[in-house]
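Engineer: What follows is the file structure-v4.pdb, containing PDB, C-alpha atoms, pLDDT in the B column:
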MODEL        1
ATOM      1  CA  MET L   1     145.591  32.842 136.508  1.00 70.00           C
ATOM      2  CA  THR L   2     144.620  34.839 133.410  1.00 79.00           C
ATOM      3  CA  ASP L   3     142.654  31.886 131.983  1.00 82.00           C
ATOM      4  CA  GLU L   4     140.575  31.733 135.148  1.00 81.00           C
ATOM      5  CA  LEU L   5     139.920  35.446 134.962  1.00 80.00           C
ATOM      6  CA  GLU L   6     138.900  35.237 131.309  1.00 80.00           C
ATOM      7  CA  ARG L   7     136.492  32.386 132.058  1.00 80.00           C
ATOM      8  CA  ALA L   8     134.980  34.347 134.941  1.00 78.00           C
ATOM      9  CA  VAL L   9     134.499  37.417 132.765  1.00 77.00           C
ATOM     10  CA  ARG L  10     132.946  35.323 129.982  1.00 78.00           C
ATOM     11  CA  ARG L  11     130.368  33.962 132.409  1.00 79.00           C
ATOM     12  CA  PHE L  12     129.113  37.466 133.137  1.00 75.00           C
ATOM     13  CA  ARG L  13     129.100  38.685 129.542  1.00 75.00           C
ATOM     14  CA  LYS L  14     126.104  38.273 127.318  1.00 63.00           C
ATOM     15  CA  GLU L  15     126.664  36.139 124.265  1.00 57.00           C
ATOM     16  CA  ASP L  16     125.437  38.886 121.935  1.00 52.00           C
ATOM     17  CA  ASP L  17     128.043  41.332 123.335  1.00 55.00           C
ATOM     18  CA  ALA L  18     130.916  39.267 121.909  1.00 52.00           C
ATOM     19  CA  ASN L  19     131.405  41.496 118.874  1.00 54.00           C
ATOM     20  CA  ASP L  20     130.880  45.087 120.082  1.00 56.00           C
ATOM     21  CA  THR L  21     132.279  46.794 116.993  1.00 54.00           C
ATOM     22  CA  THR L  22     129.675  45.361 114.632  1.00 53.00           C
ATOM     23  CA  GLN L  23     126.891  46.090 117.103  1.00 54.00           C
ATOM     24  CA  VAL L  24     127.874  49.714 117.457  1.00 55.00           C
ATOM     25  CA  ALA L  25     128.014  50.107 113.692  1.00 54.00           C
ATOM     26  CA  SER L  26     124.587  48.533 113.299  1.00 63.00           C
ATOM     27  CA  ARG L  27     122.994  50.613 116.084  1.00 80.00           C
ATOM     28  CA  ILE L  28     123.839  54.079 114.763  1.00 82.00           C
ATOM     29  CA  SER L  29     122.290  55.398 111.595  1.00 86.00           C
ATOM     30  CA  ALA L  30     124.214  57.225 108.915  1.00 86.00           C
ATOM     31  CA  ALA L  31     122.351  60.459 109.618  1.00 89.00           C
ATOM     32  CA  ALA L  32     123.103  60.264 113.330  1.00 90.00           C
ATOM     33  CA  PHE L  33     126.763  59.568 112.571  1.00 90.00           C
ATOM     34  CA  ARG L  34     126.943  62.568 110.221  1.00 92.00           C
ATOM     35  CA  ALA L  35     125.295  64.793 112.830  1.00 92.00           C
ATOM     36  CA  SER L  36     127.748  63.600 115.467  1.00 91.00           C
ATOM     37  CA  VAL L  37     130.730  64.242 113.201  1.00 93.00           C
ATOM     38  CA  GLU L  38     129.398  67.666 112.228  1.00 94.00           C
ATOM     39  CA  GLU L  39     128.942  68.613 115.873  1.00 94.00           C
ATOM     40  CA  ARG L  40     132.490  67.537 116.711  1.00 94.00           C
ATOM     41  CA  LEU L  41     133.892  69.458 113.742  1.00 95.00           C
ATOM     42  CA  SER L  42     132.050  72.629 114.725  1.00 94.00           C
ATOM     43  CA  GLY L  43     133.490  72.267 118.232  1.00 94.00           C
ATOM     44  CA  LEU L  44     136.971  71.880 116.793  1.00 95.00           C
ATOM     45  CA  GLU L  45     136.462  74.935 114.592  1.00 96.00           C
ATOM     46  CA  ARG L  46     135.398  76.959 117.630  1.00 95.00           C
ATOM     47  CA  ASP L  47     138.431  75.780 119.587  1.00 96.00           C
ATOM     48  CA  ALA L  48     140.751  76.528 116.664  1.00 96.00           C
ATOM     49  CA  GLY L  49     139.284  80.032 116.371  1.00 95.00           C
ATOM     50  CA  GLU L  50     139.814  80.653 120.063  1.00 96.00           C
ATOM     51  CA  LEU L  51     143.386  79.374 119.842  1.00 96.00           C
ATOM     52  CA  ARG L  52     144.052  81.587 116.822  1.00 96.00           C
ATOM     53  CA  GLY L  53     142.787  84.606 118.757  1.00 96.00           C
ATOM     54  CA  ARG L  54     144.998  83.822 121.733  1.00 97.00           C
ATOM     55  CA  ILE L  55     148.065  83.365 119.533  1.00 97.00           C
ATOM     56  CA  ASN L  56     147.363  86.656 117.762  1.00 97.00           C
ATOM     57  CA  GLY L  57     147.045  88.387 121.148  1.00 97.00           C
ATOM     58  CA  LEU L  58     150.321  86.860 122.307  1.00 97.00           C
ATOM     59  CA  ILE L  59     152.102  87.981 119.139  1.00 98.00           C
ATOM     60  CA  PHE L  60     150.700  91.501 119.628  1.00 97.00           C
ATOM     61  CA  VAL L  61     151.965  91.634 123.223  1.00 98.00           C
ATOM     62  CA  VAL L  62     155.445  90.391 122.248  1.00 97.00           C
ATOM     63  CA  LEU L  63     155.721  92.836 119.355  1.00 98.00           C
ATOM     64  CA  GLY L  64     154.553  95.659 121.624  1.00 97.00           C
ATOM     65  CA  ALA L  65     157.249  94.768 124.163  1.00 97.00           C
ATOM     66  CA  VAL L  66     159.920  94.656 121.441  1.00 97.00           C
ATOM     67  CA  VAL L  67     158.857  98.009 120.030  1.00 97.00           C
ATOM     68  CA  THR L  68     158.809  99.517 123.527  1.00 97.00           C
ATOM     69  CA  GLN L  69     162.339  98.237 124.231  1.00 96.00           C
ATOM     70  CA  VAL L  70     163.608  99.596 120.895  1.00 96.00           C
ATOM     71  CA  VAL L  71     162.077 103.028 121.590  1.00 96.00           C
ATOM     72  CA  LEU L  72     163.547 103.074 125.092  1.00 95.00           C
ATOM     73  CA  LYS L  73     167.036 102.166 123.747  1.00 94.00           C
ATOM     74  CA  LEU L  74     166.826 104.865 121.104  1.00 94.00           C
ATOM     75  CA  ALA L  75     165.675 107.480 123.619  1.00 91.00           C
ATOM     76  CA  GLN L  76     168.666 106.944 125.879  1.00 84.00           C
TER      77      GLN L  76
ENDMDL
END
Show the structure stored in the file as structure tokens.
Structural biologist:
Amino acid sequence: MTDELERAVRRFRKEDDANDTTQVASRISAAAFRASVEERLSGLERDAGELRGRINGLIFVVLGAVVTQVVLKLAQ
């Protein structure tokens, strides 16, 4: 069954599409690759900065709650 499926798929594929990895590497220039990588890295940096801000806010809220509880215990 799988051999029949493979033969059917091969009939519809172009012969030059047999090795996609080498074609992709030959189609993109080094400058375009660098620009793509730089864009992805800047996106990651933005996301990491946002995550850092959220974590800092969460730490601030938790510490505020702890301090409030300590003050309330001492006041009683």
Engineer: Report, in Å to a single decimal, how far apart CA of Ser29 in chain L and CA of Asp47 in chain L are.
Structural biologist: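 We find that CA of Asp47 in chain L and CA of Ser29 in chain L lie 27.2 Å from each other.
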Engineer: So how many Å separate CA of Arg46 in chain L and CA of Val61 in chain L, to one decimal?
Structural biologist: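 Answer for the CA of Arg46 in chain L to CA of Val61 in chain L separation: 22.8 Å.
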Engineer: Would you mind reading off the distance between CA of Glu38 in chain L and CA of Arg54 in chain L, one decimal, in Å?
Structural biologist: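 Atom-to-atom, CA of Glu38 in chain L and CA of Arg54 in chain L are spaced 24.4 Å apart.
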